[in-house]
Structure formats: C-alpha cells, structure tokens
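Novice: Mind looking over this structure? Questions follow.
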Amino acid sequence: MLSNEELEKEFQAKIDAEIKIEPKDWMPEAYRKTLIRQISQHAHSEVVGMLPEGNWITRAPSLRSKVILLAKVQDEAGHGLYLYSAAETLGVDREDLIEELHTGKAKYSSIFNYPTLTWADIGAIGWLVDGAAIANQVMLCRTSYGPYARAMVRICKEESFHQRQGYEIMLKMAKGTPEQKQMAQDALNRWWWPSLMMFGPPDDKSIHSAQSLKWKIKRQTNDELRQEFIDKTVKQAEYLGLTIPDPHLKWNEERQHYDFGPINWEEFYQVINGNGPCNRQRLKARIKAHEEGAWVREAAIAYAEKKQAKKTAA
Ligand code: FAQ
C-alpha cells in the first residue's frame with residue numbers, strides 16, 4: 001500500500017501531466033475541501049445572481065427584451081444546478097450547501113449585493129458582470145477536476161450569449177437619447193469598480209491562490225484576470241462612447257496593459273462579510289424562494305419513491 005506522501009506525489013504528477021482528476025480518484029483532503037468551497041460558492045453566486053436581474057423581468061421595455069432576460073435568468077438557475085451537481089461528486093450534500101448559504105456561512109460573489117436601479121443596470125450586468133465572469137471561467141474550463149471543467153464548458157457558452165445581451169442594451173442606450181446615454185453612463189459608473197472586485201483580492205492578499213494554482217484548480221491569478229478584463233473592456237467602452245469612471249486609467253506602452261486606479265478593498269471586505277448594500281435583502285429573498293419551493297422538492301421525492309416502489313414490486 002502506498003503511503004500518504006507517495007499518493008500525494010502521484011496525485012501532483014497527474015496534475016502536472018494535465019490528467020483530469022475524477023470523483024473516485026484518490027485526492028488530498030485539502031484539494032477536495034478547496035473544490036467544495038469554490039464550486040459551492042460559484043453555485044450560490046449563480047443562484048443569488050438571478051435576483052438583481054429577476055427584479056427587472058416585469059419591467060423590461062419590450063417583449064423581445066423580456067424574453068431574452070427571462071432566458072438569461074433561467075440559464076443562471078441551470079448553471080447553479082450543474083455546479084451543485086459537480087460539488088456533490090465530492091461527497092457533499094446539496095441540502096447542506098444550501099443551508100450554509102442561508103445561514104450566511106457560505107460566501108457568494110460580492111457583485112450580487114449591489115442594487116439594480118434602472119434598465120441600464122441590466123445592460124451593465126450583462127456587459128460587465130458576465131464579461132468578468134467569462135474572463136474568470138474560461139480558465140476554469142481547464143481546471144484540474146473533471147466534473148467542474150466539463151460543467152464550465154457549457155456555462156461559458158451561455159455566458160457569452162449573456163454578455164452580448166448586455167452589450168446590446170448598452171449600445172442601444174448609449175446611442176439613444178441624451179437621457180438614455182446618461183442612464184448608461186450612470187450604470188457604468190456604479191458597476192465598474194464592483195466588477196473589478198469580482199476577481200477577488202490582489203495576489204499578495206489572496207489566501208488560496210498559490211495552492212490552487214499548484215493544483216491547477218486556478219490557471220491564472222486574480223490580478224492577471226482583472227488586468228485582462230480591463231484591457232478588453234476599455235475598448236468596448238470607447239465604442240459605446242462612454243467613460244470608464246477611473247481618472248488613472250491610462251495605456252502603458254511598456255507594460256502593454258492599461259494602468260488603473262486604486263480599488264477600494266475596504267468596500268470589498270465589507271460586502272463579502274455581509275455588509276454590502278443588498279446582502280440582507282438577497283438572503284431574505286433566497287430563503288423565501290427556497291421555502292416556497294418546498295412542495296416541488298417534496299413532490300419530486302414522492303414521485304421518485306413511488307417509481308422505485310413499483311420497480312421493487314415488479
Ligand atoms: N466575492 O484567496 P482568494 C457569475 C473570497 S458567477 C465573494 O483569492 P479564491 C455568473 C474567497 O472566497 C460569479 N467572495 O480565493 C452570473 C475567499 O474566502 P473564503 C462567481 C470572494 O477562491 C453573471 C477570500 O475571498 N464566480 O457572475 C470574492 O482562490 C451574471 C480570499 O480570496 C465564481 O465563483 C468575491 N468576488 O479566488 C450570474 C468563479 N473574491 O472562501 C448572474 C469561481 C474572493 O476563504 C448574473 N471562483 N472572495 O472564505 C473563483 O474563481 C475563485 O473562488 C475566486 C476567488 C477568483 C472568486
């Protein structure tokens with residue numbers, strides 16, 4: 001029998017050789033825990049992420065925009081389900097993960113604790129929030145854990161559609177009346193900095209990055225991804241004729257990247273510790289939806305049990 005040390009060596013060799021880790025393979029306990037933490041936080045983010053946009057389904061300005069927004073919000077629910085399933089392959093129970101969300105023990109993305117005040121916010125979420133989510137998730141299609149990597153492939157395809165949906169709204173408003181352009185600019189002003197915070201703390205403050213990079217759970221650091229997102233998005237803002245609310249934003253010829261101003265990390269930590277503008281409202285809405293959906297879960301279990309009993313009797 002191999003010792004723990006030998007098993008860990010074999011495990012790391014597999015990771016280094018780009019062989020995916022599958023649910024029944026041996027893995028270090030800390031790898032399993034890191035994945036459960038990240039995948040469940042990711043699942044919670046998708047599910048809580050439905051709330052700010054769901055707020056606008058009844059107020060979408062046209063039938064077309066309503067249908068598109070409905071489809072997008074339903075996609076987010078689907079992403080949550082794939083991700084809870086991926087987490088369950090690591091030996092945890094979905095009910096326990098949801099309980100952790102509802103009691104405030106588990107985190108979800110900081111971005112969903114900001115309010116959606118106007119229709120332009122729906123554009124800004126698609127453009128910036130989905131844009132940032134894609135930047136982060138493209139790397140996760142190559143993450144070392146098989147079920148997570150496979151879930152991310154489909155999720156990324158759908159997020160690309162969401163990003164286009166948001167950009168289209170921004171384009172329409174930015175090229176519309178002066179009032180519409182002002183709404184688009186206001187939404188950009190409010191969503192820009194929180195979108196940059198989505199990538200997580202700076203590399204020198206990121207607790208998990210070094211180990212997650214070694215295990216190839218993450219492929220790029222928080223700061224690398226943030227920079228990539230900024231470089232790509234500045235040009236998109238220019239095309240819209242909108243101004244990114246950062247007086248320090250400037251192309252750096254030497255670095256071949258944009259320099260940008262300081263991020264308010266104090267605000268970030270306040271938000272992830274439960275004190276953002278909408279944290280309480282979001283959790284309250286999630287718990288209410290979960291309680292109101294109890295009959296659906298009970299009916300599904302009763303149906304499965306009835307089917308099983310029929311099979312056993314036959
Ligand atoms: N919000 O050491 P690191 C979406 C926490 S999906 C809240 O750098 P790590 C789709 C972190 O958990 C968006 N907490 O951590 C959509 C850790 O706390 P812990 C979600 C954050 O894991 C679009 C601590 O800070 N995407 O948007 C945040 O190596 C539109 C230290 O941080 C994912 O979840 C944050 N922004 O890197 C839906 C992607 N950042 O656990 C609807 C998967 C950090 O020790 C509408 N996740 N923290 O208590 C990841 O890639 C990583 O987990 C990071 C953080 C990059 C988020």
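Ordering of the structure tokens sets the chain letters (A, B, ...), residue numbers begin anew at 1 in every chain, and ligands are numbered from 1 in the order given.
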Can you list, as an mmCIF file with all heavy atoms, in the first residue's frame, every protein, DNA or RNA residue that comes within 10 Å of Ala86 (chain A) when you count only C-alpha atoms, leaving out same-chain residues fewer than 6 positions away?
Specialist:
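Dumped to part.cif:
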```cif
data_model
loop_
_atom_site.group_PDB
_atom_site.id
_atom_site.type_symbol
_atom_site.label_atom_id
_atom_site.label_comp_id
_atom_site.auth_asym_id
_atom_site.auth_seq_id
_atom_site.Cartn_x
_atom_site.Cartn_y
_atom_site.Cartn_z
ATOM 1 N N PRO A 23 -14.061 11.909 -9.788
ATOM 2 C CA PRO A 23 -14.606 11.767 -8.423
ATOM 3 C C PRO A 23 -14.053 10.587 -7.628
ATOM 4 O O PRO A 23 -13.837 10.702 -6.427
ATOM 5 C CB PRO A 23 -16.106 11.607 -8.654
ATOM 6 C CG PRO A 23 -16.353 12.303 -9.952
ATOM 7 C CD PRO A 23 -15.114 12.142 -10.770
ATOM 8 N N LEU A 35 -12.067 22.519 -3.498
ATOM 9 C CA LEU A 35 -13.035 22.437 -4.593
ATOM 10 C C LEU A 35 -14.464 22.613 -4.098
ATOM 11 O O LEU A 35 -15.255 23.321 -4.721
ATOM 12 C CB LEU A 35 -12.909 21.086 -5.307
ATOM 13 C CG LEU A 35 -11.802 21.010 -6.339
ATOM 14 C CD1 LEU A 35 -11.612 19.571 -6.787
ATOM 15 C CD2 LEU A 35 -12.106 21.881 -7.554
ATOM 16 N N ILE A 36 -14.785 21.971 -2.974
ATOM 17 C CA ILE A 36 -16.152 22.109 -2.445
ATOM 18 C C ILE A 36 -16.426 23.580 -2.134
ATOM 19 O O ILE A 36 -17.475 24.123 -2.473
ATOM 20 C CB ILE A 36 -16.362 21.227 -1.187
ATOM 21 C CG1 ILE A 36 -16.288 19.745 -1.570
ATOM 22 C CG2 ILE A 36 -17.693 21.542 -0.498
ATOM 23 C CD1 ILE A 36 -16.266 18.778 -0.389
ATOM 24 N N ILE A 39 -16.532 25.533 -5.702
ATOM 25 C CA ILE A 39 -17.664 25.179 -6.571
ATOM 26 C C ILE A 39 -18.991 25.573 -5.913
ATOM 27 O O ILE A 39 -19.905 26.069 -6.566
ATOM 28 C CB ILE A 39 -17.660 23.674 -6.937
ATOM 29 C CG1 ILE A 39 -16.364 23.297 -7.663
ATOM 30 C CG2 ILE A 39 -18.862 23.322 -7.808
ATOM 31 C CD1 ILE A 39 -16.186 21.797 -7.920
ATOM 32 N N SER A 40 -19.088 25.378 -4.588
ATOM 33 C CA SER A 40 -20.362 25.731 -3.948
ATOM 34 C C SER A 40 -20.546 27.250 -3.927
ATOM 35 O O SER A 40 -21.632 27.753 -4.174
ATOM 36 C CB SER A 40 -20.482 25.115 -2.558
ATOM 37 O OG SER A 40 -19.442 25.580 -1.738
ATOM 38 N N ALA A 43 -21.747 28.071 -7.296
ATOM 39 C CA ALA A 43 -23.164 27.705 -7.477
ATOM 40 C C ALA A 43 -24.072 28.733 -6.790
ATOM 41 O O ALA A 43 -25.046 29.212 -7.380
ATOM 42 C CB ALA A 43 -23.423 26.307 -6.904
ATOM 43 N N GLY A 80 -26.415 27.075 -11.721
ATOM 44 C CA GLY A 80 -26.393 26.712 -10.299
ATOM 45 C C GLY A 80 -26.585 25.210 -10.151
ATOM 46 O O GLY A 80 -25.857 24.556 -9.389
ATOM 47 N N VAL A 92 -20.403 15.808 -0.883
ATOM 48 C CA VAL A 92 -21.220 16.673 -0.009
ATOM 49 C C VAL A 92 -22.674 16.609 -0.467
ATOM 50 O O VAL A 92 -22.974 16.206 -1.594
ATOM 51 C CB VAL A 92 -20.781 18.159 -0.037
ATOM 52 C CG1 VAL A 92 -19.592 18.378 0.840
ATOM 53 C CG2 VAL A 92 -20.542 18.627 -1.454
ATOM 54 N N TYR A 145 -10.172 19.450 -12.008
ATOM 55 C CA TYR A 145 -11.199 18.492 -11.583
ATOM 56 C C TYR A 145 -12.218 18.287 -12.717
ATOM 57 O O TYR A 145 -12.916 19.235 -13.128
ATOM 58 C CB TYR A 145 -11.887 18.995 -10.300
ATOM 59 C CG TYR A 145 -12.852 17.978 -9.728
ATOM 60 C CD1 TYR A 145 -12.421 16.687 -9.398
ATOM 61 C CD2 TYR A 145 -14.189 18.270 -9.547
ATOM 62 C CE1 TYR A 145 -13.299 15.732 -8.900
ATOM 63 C CE2 TYR A 145 -15.080 17.334 -9.034
ATOM 64 C CZ TYR A 145 -14.619 16.068 -8.715
ATOM 65 O OH TYR A 145 -15.493 15.114 -8.234
ATOM 66 N N GLY A 146 -12.318 17.063 -13.207
ATOM 67 C CA GLY A 146 -13.113 16.751 -14.404
ATOM 68 C C GLY A 146 -14.547 17.288 -14.397
ATOM 69 O O GLY A 146 -14.931 18.031 -15.322
ATOM 70 N N PRO A 147 -15.373 16.947 -13.382
ATOM 71 C CA PRO A 147 -16.773 17.392 -13.416
ATOM 72 C C PRO A 147 -16.933 18.919 -13.444
ATOM 73 O O PRO A 147 -17.836 19.442 -14.088
ATOM 74 C CB PRO A 147 -17.356 16.806 -12.120
ATOM 75 C CG PRO A 147 -16.510 15.603 -11.843
ATOM 76 C CD PRO A 147 -15.128 15.981 -12.290
ATOM 77 N N TYR A 148 -16.027 19.628 -12.758
ATOM 78 C CA TYR A 148 -16.105 21.102 -12.749
ATOM 79 C C TYR A 148 -15.737 21.636 -14.141
ATOM 80 O O TYR A 148 -16.428 22.491 -14.693
ATOM 81 C CB TYR A 148 -15.148 21.625 -11.672
ATOM 82 C CG TYR A 148 -15.270 23.091 -11.293
ATOM 83 C CD1 TYR A 148 -16.426 23.839 -11.527
ATOM 84 C CD2 TYR A 148 -14.207 23.748 -10.642
ATOM 85 C CE1 TYR A 148 -16.521 25.181 -11.142
ATOM 86 C CE2 TYR A 148 -14.303 25.081 -10.249
ATOM 87 C CZ TYR A 148 -15.451 25.793 -10.504
ATOM 88 O OH TYR A 148 -15.536 27.119 -10.109
ATOM 89 N N ALA A 149 -14.661 21.090 -14.715
ATOM 90 C CA ALA A 149 -14.212 21.550 -16.030
ATOM 91 C C ALA A 149 -15.312 21.327 -17.076
ATOM 92 O O ALA A 149 -15.605 22.203 -17.891
ATOM 93 C CB ALA A 149 -12.941 20.799 -16.438
ATOM 94 N N ARG A 150 -15.960 20.160 -17.020
ATOM 95 C CA ARG A 150 -16.982 19.868 -18.030
ATOM 96 C C ARG A 150 -18.206 20.765 -17.857
ATOM 97 O O ARG A 150 -18.792 21.224 -18.838
ATOM 98 C CB ARG A 150 -17.364 18.381 -17.964
ATOM 99 C CG ARG A 150 -16.236 17.478 -18.452
ATOM 100 C CD ARG A 150 -16.670 16.043 -18.591
ATOM 101 N NE ARG A 150 -16.795 15.350 -17.332
ATOM 102 C CZ ARG A 150 -15.802 14.734 -16.672
ATOM 103 N NH1 ARG A 150 -14.587 14.720 -17.189
ATOM 104 N NH2 ARG A 150 -16.008 14.110 -15.525
ATOM 105 N N ALA A 151 -18.578 21.041 -16.599
ATOM 106 C CA ALA A 151 -19.722 21.942 -16.366
ATOM 107 C C ALA A 151 -19.418 23.332 -16.926
ATOM 108 O O ALA A 151 -20.282 23.994 -17.496
ATOM 109 C CB ALA A 151 -20.032 22.034 -14.869
#
```
Novice: Hey, which residues sit close to ligand 1? Say within 8 Å, counting only C-alpha atoms and all ligand atoms, and write them as a count of residues only.
Specialist: 54
Novice: Would you mind telling me which residue in A:Ala294, A:Ile134, A:Leu97, A:Ala187 lies nearest to Leu117 (chain A) when using only C-alpha atoms?
Specialist: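 Closest to Leu117 (chain A), using only C-alpha atoms: A:Ala187.
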Novice: Which parts of region 193-310 of chain A does DSSP call strand (DSSP E or B) when run on the backbone here, written out as number ranges by chain?
Specialist: A: 250-252, 257-259
Novice: For N, CA, C and O atoms, I'd like the residues from the last selection saved as a PDB file, in the first residue's frame.
Specialist:
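Output saved as again-v4.pdb:
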```pdb
ATOM      1  N   LYS A 250      -4.976  54.495 -17.972  1.00  0.00           N
ATOM      2  CA  LYS A 250      -4.060  55.021 -18.999  1.00  0.00           C
ATOM      3  C   LYS A 250      -3.294  53.860 -19.617  1.00  0.00           C
ATOM      4  O   LYS A 250      -2.829  52.974 -18.893  1.00  0.00           O
ATOM      5  N   TRP A 251      -3.161  53.869 -20.941  1.00  0.00           N
ATOM      6  CA  TRP A 251      -2.396  52.813 -21.618  1.00  0.00           C
ATOM      7  C   TRP A 251      -0.926  52.924 -21.248  1.00  0.00           C
ATOM      8  O   TRP A 251      -0.348  54.017 -21.287  1.00  0.00           O
ATOM      9  N   ASN A 252      -0.333  51.807 -20.878  1.00  0.00           N
ATOM     10  CA  ASN A 252       1.080  51.808 -20.517  1.00  0.00           C
ATOM     11  C   ASN A 252       1.832  51.049 -21.605  1.00  0.00           C
ATOM     12  O   ASN A 252       1.718  49.829 -21.732  1.00  0.00           O
ATOM     13  N   HIS A 257      -0.313  47.160 -21.232  1.00  0.00           N
ATOM     14  CA  HIS A 257      -1.572  46.999 -20.500  1.00  0.00           C
ATOM     15  C   HIS A 257      -2.037  48.372 -20.049  1.00  0.00           C
ATOM     16  O   HIS A 257      -1.242  49.313 -20.005  1.00  0.00           O
ATOM     17  N   TYR A 258      -3.334  48.449 -19.647  1.00  0.00           N
ATOM     18  CA  TYR A 258      -3.810  49.690 -19.048  1.00  0.00           C
ATOM     19  C   TYR A 258      -3.400  49.743 -17.577  1.00  0.00           C
ATOM     20  O   TYR A 258      -3.564  48.754 -16.855  1.00  0.00           O
ATOM     21  N   ASP A 259      -2.918  50.896 -17.151  1.00  0.00           N
ATOM     22  CA  ASP A 259      -2.766  51.140 -15.713  1.00  0.00           C
ATOM     23  C   ASP A 259      -4.121  51.591 -15.200  1.00  0.00           C
ATOM     24  O   ASP A 259      -4.888  52.204 -15.952  1.00  0.00           O
TER      25      ASP A 259
END
```
Novice: Just list the residues in region 35-105 of chain A DSSP gives alpha helix (DSSP H) on the backbone, as an NGL selection string.
Specialist: :A and (35-48 or 50-54 or 63-88 or 94-102)
Novice: How would the residues just chosen look if you wrote them out with C-alpha atoms as an mmCIF file, in the first residue's frame?
Specialist:
```cif
data_model
loop_
_atom_site.group_PDB
_atom_site.id
_atom_site.type_symbol
_atom_site.label_atom_id
_atom_site.label_comp_id
_atom_site.auth_asym_id
_atom_site.auth_seq_id
_atom_site.Cartn_x
_atom_site.Cartn_y
_atom_site.Cartn_z
ATOM 1 C CA LEU A 35 -13.035 22.437 -4.593
ATOM 2 C CA ILE A 36 -16.152 22.109 -2.445
ATOM 3 C CA ARG A 37 -15.596 25.669 -1.209
ATOM 4 C CA GLN A 38 -15.035 27.159 -4.648
ATOM 5 C CA ILE A 39 -17.664 25.179 -6.571
ATOM 6 C CA SER A 40 -20.362 25.731 -3.948
ATOM 7 C CA GLN A 41 -19.588 29.467 -3.746
ATOM 8 C CA HIS A 42 -19.790 29.540 -7.502
ATOM 9 C CA ALA A 43 -23.164 27.705 -7.477
ATOM 10 C CA HIS A 44 -24.526 30.085 -4.831
ATOM 11 C CA SER A 45 -23.381 33.048 -6.941
ATOM 12 C CA GLU A 46 -25.297 31.801 -9.965
ATOM 13 C CA VAL A 47 -28.451 31.310 -7.916
ATOM 14 C CA VAL A 48 -28.258 34.576 -5.945
ATOM 15 C CA MET A 50 -30.745 35.678 -10.551
ATOM 16 C CA LEU A 51 -32.157 38.169 -8.034
ATOM 17 C CA PRO A 52 -30.855 41.559 -9.239
ATOM 18 C CA GLU A 53 -31.928 40.797 -12.811
ATOM 19 C CA GLY A 54 -35.129 38.970 -11.897
ATOM 20 C CA LEU A 63 -41.491 41.822 -25.330
ATOM 21 C CA ARG A 64 -38.181 40.966 -27.051
ATOM 22 C CA SER A 65 -36.058 42.230 -24.175
ATOM 23 C CA LYS A 66 -38.295 40.453 -21.681
ATOM 24 C CA VAL A 67 -37.961 37.086 -23.458
ATOM 25 C CA ILE A 68 -34.187 37.455 -23.669
ATOM 26 C CA LEU A 69 -33.871 38.436 -20.000
ATOM 27 C CA LEU A 70 -36.098 35.546 -18.926
ATOM 28 C CA ALA A 71 -33.922 33.109 -20.865
ATOM 29 C CA LYS A 72 -30.788 34.575 -19.295
ATOM 30 C CA VAL A 73 -32.099 34.320 -15.747
ATOM 31 C CA GLN A 74 -33.194 30.726 -16.384
ATOM 32 C CA ASP A 75 -29.693 29.958 -17.676
ATOM 33 C CA GLU A 76 -28.254 31.172 -14.355
ATOM 34 C CA ALA A 77 -30.545 28.753 -12.491
ATOM 35 C CA GLY A 78 -29.274 25.950 -14.740
ATOM 36 C CA HIS A 79 -25.653 26.927 -14.010
ATOM 37 C CA GLY A 80 -26.393 26.712 -10.299
ATOM 38 C CA LEU A 81 -27.783 23.205 -10.778
ATOM 39 C CA TYR A 82 -24.797 21.922 -12.808
ATOM 40 C CA LEU A 83 -22.465 23.347 -10.190
ATOM 41 C CA TYR A 84 -24.301 21.878 -7.193
ATOM 42 C CA SER A 85 -24.163 18.527 -9.032
ATOM 43 C CA ALA A 86 -20.426 18.930 -9.618
ATOM 44 C CA ALA A 87 -19.952 19.709 -5.896
ATOM 45 C CA GLU A 88 -21.962 16.615 -4.933
ATOM 46 C CA ARG A 94 -26.646 19.885 -1.768
ATOM 47 C CA GLU A 95 -29.042 20.496 1.121
ATOM 48 C CA ASP A 96 -26.094 21.133 3.456
ATOM 49 C CA LEU A 97 -24.516 23.559 0.991
ATOM 50 C CA ILE A 98 -27.780 25.472 0.652
ATOM 51 C CA GLU A 99 -28.119 25.560 4.427
ATOM 52 C CA GLU A 100 -24.661 27.149 4.631
ATOM 53 C CA LEU A 101 -25.752 29.819 2.157
ATOM 54 C CA HIS A 102 -28.941 30.573 4.053
#
```
Novice: Just to confirm, what's the straight-line distance from CA of Phe229 (chain A) to CA of Arg255 (chain A) in Å (one decimal)?
Specialist: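 These two atoms are separated by 15.3 Å.
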